[in-house]
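*Asks:* Quick one, data.cif (mmCIF, C-alpha atoms (C1' of nucleotides)):
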data_structure
#
loop_
_atom_site.label_atom_id
_atom_site.label_comp_id
_atom_site.auth_asym_id
_atom_site.auth_seq_id
_atom_site.Cartn_x
_atom_site.Cartn_y
_atom_site.Cartn_z
CA MET R 25 104.15 99.41 125.94
CA LEU R 26 107.25 99.60 123.76
CA SER R 27 108.99 96.26 123.24
CA SER R 28 112.69 95.78 123.97
CA LYS R 29 113.13 95.28 120.28
CA ALA R 30 111.81 98.73 119.44
CA LYS R 31 113.69 100.30 122.31
CA TYR R 32 116.95 98.75 121.13
CA GLY R 33 116.18 99.73 117.56
CA LEU R 34 115.60 103.34 118.51
CA LYS R 35 118.74 103.51 120.61
CA ALA R 36 120.79 102.00 117.81
CA MET R 37 119.38 104.47 115.30
CA ILE R 38 120.18 107.34 117.65
CA TYR R 39 123.71 106.00 117.95
CA LEU R 40 124.04 105.91 114.17
CA SER R 41 122.71 109.47 113.93
CA ARG R 42 125.39 110.63 116.34
CA HIS R 43 127.95 109.04 114.01
CA GLU R 44 126.44 110.50 110.85
CA GLY R 45 129.10 111.35 108.26
CA ARG R 46 131.78 109.30 109.97
CA GLY R 47 131.44 106.17 107.84
CA PRO R 48 129.87 102.83 108.75
CA SER R 49 129.53 101.58 112.35
CA LEU R 50 130.00 97.98 113.42
CA ILE R 51 127.14 96.06 115.01
CA ALA R 52 129.52 95.09 117.78
CA ASP R 53 130.36 98.71 118.56
CA VAL R 54 126.73 99.76 118.68
CA ALA R 55 125.87 96.76 120.83
CA ASP R 56 128.67 97.42 123.31
CA SER R 57 128.05 101.12 123.50
CA GLU R 58 124.30 100.81 123.99
CA ARG R 59 124.37 97.59 126.00
CA ILE R 60 122.28 95.62 123.57
CA PRO R 61 122.70 91.83 123.07
CA LYS R 62 124.72 91.63 119.89
CA LYS R 63 122.90 88.86 118.07
CA PHE R 64 119.58 90.45 118.87
CA LEU R 65 120.75 93.79 117.53
CA ASP R 66 122.00 91.96 114.47
CA ALA R 67 118.44 90.92 113.65
CA ILE R 68 116.97 94.32 114.45
CA LEU R 69 119.34 96.26 112.20
CA LEU R 70 118.74 93.78 109.41
CA GLU R 71 115.01 94.40 109.66
CA LEU R 72 115.50 98.16 109.58
CA LYS R 73 117.73 97.75 106.57
CA ASN R 74 115.14 95.62 104.77
CA HIS R 75 112.65 98.43 105.31
CA GLY R 76 114.99 100.97 103.78
CA LEU R 77 116.11 102.91 106.85
CA LEU R 78 119.68 101.62 106.80
CA SER R 79 122.38 100.79 104.27
CA SER R 80 125.11 98.28 104.96
CA LYS R 81 128.49 97.34 103.66
CA LYS R 82 129.98 93.89 104.03
CA GLY R 83 133.54 92.84 104.70
CA LYS R 84 136.39 94.61 106.38
CA GLY R 85 135.67 98.29 106.89
CA GLY R 86 131.98 97.54 106.55
CA GLY R 87 129.06 98.23 108.87
CA TYR R 88 125.78 100.11 108.98
CA VAL R 89 124.93 103.68 107.96
CA LEU R 90 121.66 105.62 107.91
CA ALA R 91 120.07 105.39 104.48
CA ARG R 92 118.68 108.93 104.80
CA PRO R 93 119.72 112.03 106.73
CA SER R 94 118.82 111.76 110.41
CA SER R 95 116.44 114.67 110.00
CA ARG R 96 114.33 112.60 107.63
CA ILE R 97 113.90 109.45 109.72
CA THR R 98 111.18 109.60 112.38
CA ALA R 99 110.61 107.68 115.60
CA GLY R 100 107.20 106.69 114.26
CA GLU R 101 108.69 104.93 111.26
CA ILE R 102 111.08 102.93 113.40
CA ILE R 103 108.43 101.89 115.89
CA ARG R 104 105.96 100.85 113.19
CA ILE R 105 108.58 98.62 111.60
CA LEU R 106 109.63 96.94 114.82
CA ASP R 107 106.41 96.93 116.87
CA GLY R 108 103.63 97.30 114.31
CA PRO R 109 100.94 99.99 114.16
CA LEU R 110 100.79 102.84 116.69
CA ALA R 111 97.01 102.66 117.08
CA PRO R 112 95.80 101.13 120.35
CA ILE R 113 93.10 99.21 118.49
CA PRO R 114 93.06 98.13 114.84
CA CYS R 115 89.79 99.89 114.01
CA VAL R 116 91.48 103.30 114.37
CA SER R 117 94.71 102.42 112.58
CA ARG R 118 95.54 104.20 109.36
CA SER R 119 98.39 101.91 108.36
CA ALA R 120 96.71 98.64 109.33
CA TYR R 121 92.98 99.20 109.60
CA ARG R 122 90.90 96.23 110.60
CA ARG R 123 87.30 96.27 111.71
CA CYS R 124 86.38 95.13 115.23
CA GLU R 125 84.64 91.76 115.11
CA ASP R 126 82.52 92.47 118.16
CA CYS R 127 81.54 96.00 117.21
CA GLN R 128 78.06 96.60 115.85
CA ASP R 129 78.38 100.17 114.68
CA GLU R 130 81.77 101.79 114.40
CA GLU R 131 80.42 105.32 114.24
CA ALA R 132 78.49 104.92 117.47
CA CYS R 133 81.30 103.19 119.37
CA ALA R 134 82.12 105.26 122.44
CA LEU R 135 85.46 103.56 122.80
CA ARG R 136 86.55 104.15 119.24
CA ALA R 137 86.24 107.91 119.57
CA VAL R 138 88.67 108.07 122.47
CA MET R 139 91.08 105.66 120.86
CA GLN R 140 90.98 107.76 117.73
CA ASP R 141 92.21 110.69 119.83
CA VAL R 142 94.95 108.56 121.33
CA ARG R 143 96.13 107.41 117.93
CA ASP R 144 96.21 110.96 116.61
CA ALA R 145 98.15 112.20 119.62
CA LEU R 146 100.70 109.42 119.28
CA ALA R 147 101.16 110.01 115.58
CA ALA R 148 101.44 113.77 116.10
CA ILE R 149 104.40 113.22 118.40
CA LEU R 150 106.15 110.25 116.87
CA ASP R 151 105.80 111.13 113.19
CA ASN R 152 107.05 114.64 113.84
CA THR R 153 110.10 113.69 115.85
CA SER R 154 113.14 112.85 113.74
CA LEU R 155 116.35 111.27 114.95
CA ALA R 156 118.00 114.65 114.54
CA ASP R 157 115.33 116.23 116.74
CA MET R 158 115.94 113.70 119.47
CA ILE R 159 119.66 114.32 119.50
CA ASN R 160 119.30 118.08 119.43
CA ARG R 161 116.92 118.10 122.34
CA THR R 162 119.32 116.35 124.66
CA ALA R 163 122.29 118.20 123.21
CA THR R 164 120.55 121.44 124.12
CA SER R 165 119.83 120.38 127.66
CA GLU R 166 123.45 119.39 128.05
CA THR R 167 124.53 122.81 126.83
CA VAL R 168 122.22 124.46 129.30
CA LEU R 169 123.80 122.37 132.00
CA ASN R 170 127.28 123.44 130.92
CA TYR R 171 126.34 127.09 131.01
CA ASP R 172 124.95 126.63 134.48
CA ILE R 173 128.15 125.19 135.82
CA MET M 27 98.32 98.18 121.88
CA LEU M 28 95.26 97.78 124.08
CA SER M 29 94.63 94.17 125.16
CA SER M 30 91.29 92.47 124.64
CA LYS M 31 90.94 92.45 128.38
CA ALA M 32 91.10 96.24 128.63
CA LYS M 33 88.88 96.66 125.60
CA TYR M 34 86.25 94.37 127.09
CA GLY M 35 86.58 96.10 130.44
CA LEU M 36 86.03 99.53 128.91
CA LYS M 37 83.04 98.35 126.91
CA ALA M 38 81.51 96.75 129.98
CA MET M 39 82.03 99.91 132.02
CA ILE M 40 80.42 101.95 129.26
CA TYR M 41 77.49 99.55 129.29
CA LEU M 42 77.13 99.97 133.05
CA SER M 43 77.27 103.75 132.67
CA ARG M 44 74.41 103.61 130.23
CA HIS M 45 72.43 101.68 132.85
CA GLU M 46 73.33 104.04 135.68
CA GLY M 47 70.51 104.42 138.21
CA ARG M 48 68.64 101.37 136.94
CA GLY M 49 69.92 98.88 139.53
CA PRO M 50 72.50 96.12 139.11
CA SER M 51 73.27 94.47 135.76
CA LEU M 52 74.00 90.78 135.29
CA ILE M 53 77.34 89.65 133.92
CA ALA M 54 75.42 87.54 131.43
CA ASP M 55 73.51 90.55 130.10
CA VAL M 56 76.61 92.65 129.69
CA ALA M 57 78.43 89.76 128.02
CA ASP M 58 75.59 89.11 125.56
CA SER M 59 75.02 92.72 124.75
CA GLU M 60 78.70 93.56 124.20
CA ARG M 61 79.67 90.19 122.72
CA ILE M 62 82.23 89.37 125.36
CA PRO M 63 83.02 85.77 126.46
CA LYS M 64 81.10 85.44 129.72
CA LYS M 65 83.69 83.72 131.89
CA PHE M 66 86.34 86.14 130.74
CA LEU M 67 84.16 89.12 131.57
CA ASP M 68 83.49 87.49 134.93
CA ALA M 69 87.18 87.77 135.78
CA ILE M 70 87.50 91.30 134.40
CA LEU M 71 84.60 92.73 136.40
CA LEU M 72 85.90 91.06 139.52
CA GLU M 73 89.23 92.77 139.05
CA LEU M 74 87.58 96.15 138.55
CA LYS M 75 85.54 95.56 141.69
CA ASN M 76 88.63 94.67 143.70
CA HIS M 77 90.11 97.98 142.65
CA GLY M 78 87.07 99.87 143.82
CA LEU M 79 85.45 100.84 140.52
CA LEU M 80 82.46 98.51 140.88
CA SER M 81 80.13 97.29 143.61
CA SER M 82 78.38 93.97 143.41
CA LYS M 83 75.45 92.24 144.98
CA LYS M 84 75.14 88.49 145.22
CA GLY M 85 72.09 86.29 144.91
CA LYS M 86 68.84 86.80 143.08
CA GLY M 87 68.38 90.40 141.95
CA GLY M 88 72.14 90.88 142.25
CA GLY M 89 74.70 92.04 139.73
CA TYR M 90 77.23 94.84 139.18
CA VAL M 91 76.88 98.60 139.60
CA LEU M 92 79.35 101.46 139.23
CA ALA M 93 80.88 102.32 142.59
CA ARG M 94 81.08 106.00 141.65
CA PRO M 95 79.15 108.27 139.27
CA SER M 96 80.17 107.70 135.66
CA SER M 97 81.50 111.24 135.52
CA ARG M 98 84.11 110.33 138.11
CA ILE M 99 85.55 107.18 136.55
CA THR M 100 88.13 107.74 133.81
CA ALA M 101 89.34 105.61 130.93
CA GLY M 102 92.86 105.96 132.31
CA GLU M 103 91.94 104.31 135.59
CA ILE M 104 90.34 101.37 133.89
CA ILE M 105 93.23 100.81 131.51
CA ARG M 106 95.84 101.04 134.27
CA ILE M 107 94.02 98.39 136.28
CA LEU M 108 93.62 95.98 133.40
CA ASP M 109 96.71 96.63 131.29
CA GLY M 110 99.17 98.25 133.68
CA PRO M 111 100.89 101.62 133.31
CA LEU M 112 100.21 103.93 130.36
CA ALA M 113 103.87 104.84 129.91
CA PRO M 114 105.58 103.21 126.91
CA ILE M 115 108.70 102.54 129.00
CA PRO M 116 108.95 102.14 132.77
CA CYS M 117 111.51 104.94 133.23
CA VAL M 118 108.86 107.56 132.36
CA SER M 119 106.01 106.02 134.33
CA ARG M 120 104.57 107.98 137.24
CA SER M 121 102.54 105.12 138.66
CA ALA M 122 105.17 102.40 138.19
CA TYR M 123 108.55 104.02 137.74
CA ARG M 124 111.48 101.72 137.19
CA ARG M 125 114.91 102.67 136.03
CA CYS M 126 116.25 101.33 132.71
CA GLU M 127 118.93 98.72 133.33
CA ASP M 128 120.84 99.56 130.18
CA CYS M 129 120.63 103.33 130.52
CA GLN M 130 123.72 105.21 131.69
CA ASP M 131 122.27 108.64 132.27
CA GLU M 132 118.53 109.14 132.35
CA GLU M 133 118.70 112.89 131.91
CA ALA M 134 120.77 112.60 128.76
CA CYS M 135 118.69 109.80 127.23
CA ALA M 136 117.36 110.99 123.89
CA LEU M 137 114.72 108.28 123.87
CA ARG M 138 113.41 109.06 127.32
CA ALA M 139 112.56 112.64 126.37
CA VAL M 140 110.26 111.55 123.53
CA MET M 141 108.68 108.82 125.58
CA GLN M 142 108.04 111.34 128.31
CA ASP M 143 106.03 113.37 125.78
CA VAL M 144 104.12 110.29 124.73
CA ARG M 145 103.27 109.40 128.30
CA ASP M 146 102.07 112.93 129.01
CA ALA M 147 99.92 113.01 125.89
CA LEU M 148 98.33 109.67 126.75
CA ALA M 149 97.63 110.70 130.32
CA ALA M 150 96.22 114.04 129.20
CA ILE M 151 93.62 112.26 127.11
CA LEU M 152 92.82 109.18 129.14
CA ASP M 153 92.80 110.71 132.61
CA ASN M 154 90.53 113.51 131.45
CA THR M 155 87.98 111.35 129.70
CA SER M 156 85.30 109.95 132.01
CA LEU M 157 82.77 107.29 131.17
CA ALA M 158 80.13 110.00 131.08
CA ASP M 159 82.24 111.95 128.57
CA MET M 160 82.51 108.95 126.30
CA ILE M 161 78.78 108.37 126.30
CA ASN M 162 77.95 112.01 125.73
CA ARG M 163 80.29 112.31 122.80
CA THR M 164 78.63 109.57 120.84
CA ALA M 165 75.18 110.60 122.00
CA THR M 166 75.87 114.03 120.48
CA SER M 167 77.06 112.67 117.18
CA GLU M 168 73.94 110.55 116.97
CA THR M 169 71.84 113.63 117.53
CA VAL M 170 73.67 115.46 114.80
CA LEU M 171 72.96 112.54 112.52
CA ASN M 172 69.26 112.70 113.38
CA TYR M 173 69.12 116.37 112.56
CA ASP M 174 70.73 115.77 109.23
CA ILE M 175 68.20 113.18 108.16
"C1'" DC Y 13 144.41 83.86 96.02
"C1'" DT Y 14 143.47 83.18 100.45
"C1'" DA Y 15 142.64 84.65 104.99
"C1'" DC Y 16 139.78 87.36 107.37
"C1'" DC Y 17 136.09 90.11 108.44
"C1'" DA Y 18 131.43 91.58 109.11
"C1'" DC Y 19 127.05 91.36 107.51
"C1'" DC Y 20 123.26 87.88 106.31
"C1'" DC Y 21 120.06 84.10 107.21
"C1'" DT Y 22 117.62 79.99 109.39
"C1'" DA Y 23 116.40 77.50 113.19
"C1'" DT Y 24 115.69 76.77 118.00
"C1'" DT Y 25 114.65 77.68 122.69
"C1'" DG Y 26 112.68 79.00 127.01
"C1'" DA Y 27 110.01 82.15 129.44
"C1'" DA Y 28 106.23 85.15 129.60
"C1'" DT Y 29 101.83 86.84 128.14
"C1'" DG Y 30 97.25 86.71 126.28
"C1'" DG Y 31 92.95 84.83 125.92
"C1'" DG Y 32 89.98 81.78 127.52
"C1'" DT Y 33 87.70 77.45 130.02
"C1'" DA Y 34 86.33 74.26 133.92
"C1'" DG Y 35 84.25 73.59 137.96
"C1'" DG Y 36 82.85 74.26 142.05
"C1'" DG Y 37 82.34 77.62 146.50
"C1'" DT Y 38 79.75 81.30 148.93
"C1'" DG Y 39 76.35 84.01 150.48
"C1'" DA Y 40 71.93 86.48 149.75
"C1'" DT Y 41 67.24 86.25 148.55
"C1'" DG Y 42 62.43 84.45 148.63
"C1'" DC X 14 66.10 75.15 151.48
"C1'" DA X 15 66.43 75.89 146.70
"C1'" DT X 16 68.00 78.96 143.52
"C1'" DC X 17 70.55 82.49 141.77
"C1'" DA X 18 74.56 85.07 140.65
"C1'" DC X 19 78.75 86.57 142.12
"C1'" DC X 20 83.35 84.66 143.80
"C1'" DC X 21 87.56 81.99 143.53
"C1'" DT X 22 91.20 78.56 142.07
"C1'" DA X 23 93.22 76.17 138.82
"C1'" DC X 24 94.34 75.01 134.40
"C1'" DC X 25 95.12 75.11 129.30
"C1'" DC X 26 96.67 76.35 124.71
"C1'" DA X 27 98.62 79.33 121.30
"C1'" DT X 28 101.33 83.12 120.36
"C1'" DT X 29 104.81 86.45 121.11
"C1'" DC X 30 109.09 88.06 123.14
"C1'" DA X 31 113.82 87.95 123.92
"C1'" DA X 32 117.65 85.84 122.95
"C1'" DT X 33 121.14 82.32 121.15
"C1'" DA X 34 123.43 79.01 117.95
"C1'" DG X 35 125.72 78.23 114.05
"C1'" DG X 36 126.92 78.59 109.90
"C1'" DG X 37 126.61 81.10 104.91
"C1'" DT X 38 127.91 84.92 101.85
"C1'" DG X 39 130.20 88.37 99.89
"C1'" DG X 40 133.91 92.13 100.21
"C1'" DT X 41 138.64 93.68 101.43
"C1'" DA X 42 143.41 93.49 102.16
"C1'" DG X 43 147.81 91.80 101.88
#
Translate the structure of the given file into structure tokens.
*Replies:*
Amino acid sequence: MLSSKAKYGLKAMIYLSRHEGRGPSLIADVADSERIPKKFLDAILLELKNHGLLSSKKGKGGGYVLARPSSRITAGEIIRILDGPLAPIPCVSRSAYRRCEDCQDEEACALRAVMQDVRDALAAILDNTSLADMINRTATSETVLNYDI
Amino acid sequence: MLSSKAKYGLKAMIYLSRHEGRGPSLIADVADSERIPKKFLDAILLELKNHGLLSSKKGKGGGYVLARPSSRITAGEIIRILDGPLAPIPCVSRSAYRRCEDCQDEEACALRAVMQDVRDALAAILDNTSLADMINRTATSETVLNYDI
DNA sequence: CTACCACCCTATTGAATGGGTAGGGTGATG
DNA sequence: CATCACCCTACCCATTCAATAGGGTGGTAG
């Protein structure tokens, strides 16, 4: 299950992608627009900045901007920063591998094999979906709707 | 992330699959063999029984047995019982749909589309992997190992 | 140069969840 | 009727989650 933190983080990053090239956005604007508690969002954006996904500018006229083009920031990155590894159990995680205490033989573990598949499927989706992709997908469906009307 | 509860539950169910047709197994045996805290496993198996995946017999010679053939119990079922819905956010859950409070328009939600994909991928794997499948997979890889040696 | 603005940081809080334990009840064998 | 093994209720502790408080810091503008 995705935490509220990660959900808010993703929504904020999508917001910032939609404002790409239009200068910095205020935390307050993002919070209002996406209905996120402001102080909470404050902490989330700071964390994303400290991991290099955002740049910020202080003072009047300041705010947050994407540190890279929206096509080069993936959902997977954001989720890993805010919620930790994608893998359902640590013994199949690439980014944070840890052996199972209670497991005798990893190779023979029937559970591990399935969880391996789950991890791979998650990574295949989330690491290959950029912010730009997410926006385009819904933009397209909106266009389709417009044509229909 | 899979909880310990679900992990233990899956391991216990795998154990019971391996003992299919050999009469009931004791909680204590499963707990020892899989290194699961006994009282905790006690509660887990009870829950799985109450959801119809296990049958039990009291008294001497009693214990737990699968309520259905291992080929007809899936990992997805077990995880849903012990950890709740597979979906990363409630607004894409089939079994426990709930609308996002902070979401204006579900159809236009860029996040929802990705999470939909994630949910589908998870379900595709977990609802199509039975206990029997899990056992066979590792049994095969063991055989391959034996041939190599 | 000073007022203001908006990000930055630390600490706290309250509720929920996760993981597990205690202790006895119940009903079937034998 | 004793024993065995599941059944049930209640409780506990630590951690995480979600959010808030309150002030610090550094730019900008006039």
*Asks:* Set the distance at 8 Å and use all atoms listed in the file: which residues neighbour Asp128 in chain M once local chain neighbours fewer than 6 positions away are removed? I'd like the list as a list in words.
*Replies:* Glu58, Arg59 and Ile60 of chain R
*Asks:* List the spatial neighbours of Asp151 in chain R as a CSV table (one decimal) with C-alpha atoms, keeping the file's coordinate frame - criterion: any atom at most 7 Å away, all atoms listed in the file, same-chain residues fewer than 4 positions off excluded.
*Replies:*
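Below is the file out.csv, written as the result:
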chain,number,residue,atom,x,y,z
R,98,THR,CA,111.2,109.6,112.4
R,99,ALA,CA,110.6,107.7,115.6
R,100,GLY,CA,107.2,106.7,114.3
R,147,ALA,CA,101.2,110.0,115.6
*Asks:* Neighbours of DA32 in chain X within 9 Å (all atoms listed in the file; same-chain residues fewer than 6 positions away dropped), as a ChimeraX atom specification?
*Replies:* /R:61,63-64 /Y:25
*Asks:* One decimal, in Å: what's the spacing between CA of Cys124 in chain R and CA of Val142 in chain R?
*Replies:*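 So the two atoms, CA of Cys124 in chain R and CA of Val142 in chain R, lie 17.1 Å apart.
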*Asks:* Give as a list in words each residue that has an atom at most 10 Å from (121.0, 93.5, 115.5) in the file, counting all atoms listed in the file.
*Replies:*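 Residues with an atom at most 10 Å from (121.0, 93.5, 115.5): Lys29, Tyr32, Gly33, Ala36, Ile51, Ala52, Val54, Ala55, Ile60, Pro61, Lys62, Lys63, Phe64, Leu65, Asp66, Ala67, Ile68, Leu69, Leu70, Glu71 and Leu72 of chain R.
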*Asks:* Go through Y:DA23, Y:DA34, Y:DA18, Y:DA28 and flag the residue nearest chain M, using only C-alpha atoms (C1' of nucleotides) for the distances.
*Replies:*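 Selected residue with least distance to chain M: Y:DA34.
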*Asks:* Using all atoms listed in the file for the distances, tell me which of Y:DT22, Y:DT33, Y:DT14, Y:DT41 is nearest to DC14 in chain X.
*Replies:* Y:DT41
*Asks:* With all atoms listed in the file considered, list every residue of chain Y at most 9 Å from chain R, as a list in words.
*Replies:*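 Written out as asked, the residues are DC16, DC17, DA18, DC19 and DC20 of chain Y.
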*Asks:* Please identify all polymer residues within 9 Å of Ser41 in chain R, counting only C-alpha atoms (C1' of nucleotides), omitting same-chain residues fewer than 6 positions from it, and present them as a list of chain:residue names.
*Replies:*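 Using only C-alpha atoms (C1' of nucleotides), the neighbours found are R:Val89, R:Leu90, R:Pro93, R:Ser94, R:Leu155, R:Ala156, R:Ile159.
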*Asks:* For C-alpha atoms, I'd like the residues from the last selection saved as a PDB file, in the coordinates of the input.
*Replies:*
ATOM      1  CA  VAL R  89     124.930 103.680 107.960  1.00  0.00           C
ATOM      2  CA  LEU R  90     121.660 105.620 107.910  1.00  0.00           C
ATOM      3  CA  PRO R  93     119.720 112.030 106.730  1.00  0.00           C
ATOM      4  CA  SER R  94     118.820 111.760 110.410  1.00  0.00           C
ATOM      5  CA  LEU R 155     116.350 111.270 114.950  1.00  0.00           C
ATOM      6  CA  ALA R 156     118.000 114.650 114.540  1.00  0.00           C
ATOM      7  CA  ILE R 159     119.660 114.320 119.500  1.00  0.00           C
TER       8      ILE R 159
END
*Asks:* Could the residues of chain R within 6 Å of chain M, counting all atoms listed in the file, be given as a list in words, please?
*Replies:*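 Result, ordered by chain then number: Met25, Leu26, Arg59, Pro112, Asp126, Ala132, Ala134, Met158, Ile159 and Thr162 of chain R.
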*Asks:* I need the output of the PyMOL selection byres ((chain X) within 12 of (chain R)) for this file as a PyMOL selection string; which residues are they?
*Replies:* chain X and resi 29-35+38-42
*Asks:* How many Å separate CA of Ser51 in chain M from CA of Arg94 in chain M?
*Replies:*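 Spanning CA of Ser51 in chain M to CA of Arg94 in chain M is a straight-line distance of 15.1 Å.
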*Asks:* Do you have the C1' of DG35 in chain Y-C1' of DC17 in chain X distance handy?
*Replies:*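 A separation of 16.8 Å between them.
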*Asks:* Tell me which protein, DNA and RNA residues are within 12 Å of DC26 in chain X, counting only C-alpha atoms (C1' of nucleotides), leaving out same-chain ones fewer than 5 positions away, and put them as number ranges by chain.
*Replies:* Y: 30-33
*Asks:* Determine the axis-aligned bounding box of all atoms of range 128-145 of chain R present in the file, pad each side by 4 Å, and express its centre and edge lengths in Å to one decimal place as lines of an AutoDock Vina configuration file.
*Replies:*
center_x = 88.1
center_y = 104.4
center_z = 118.5
size_x = 28.1
size_y = 23.6
size_z = 16.6
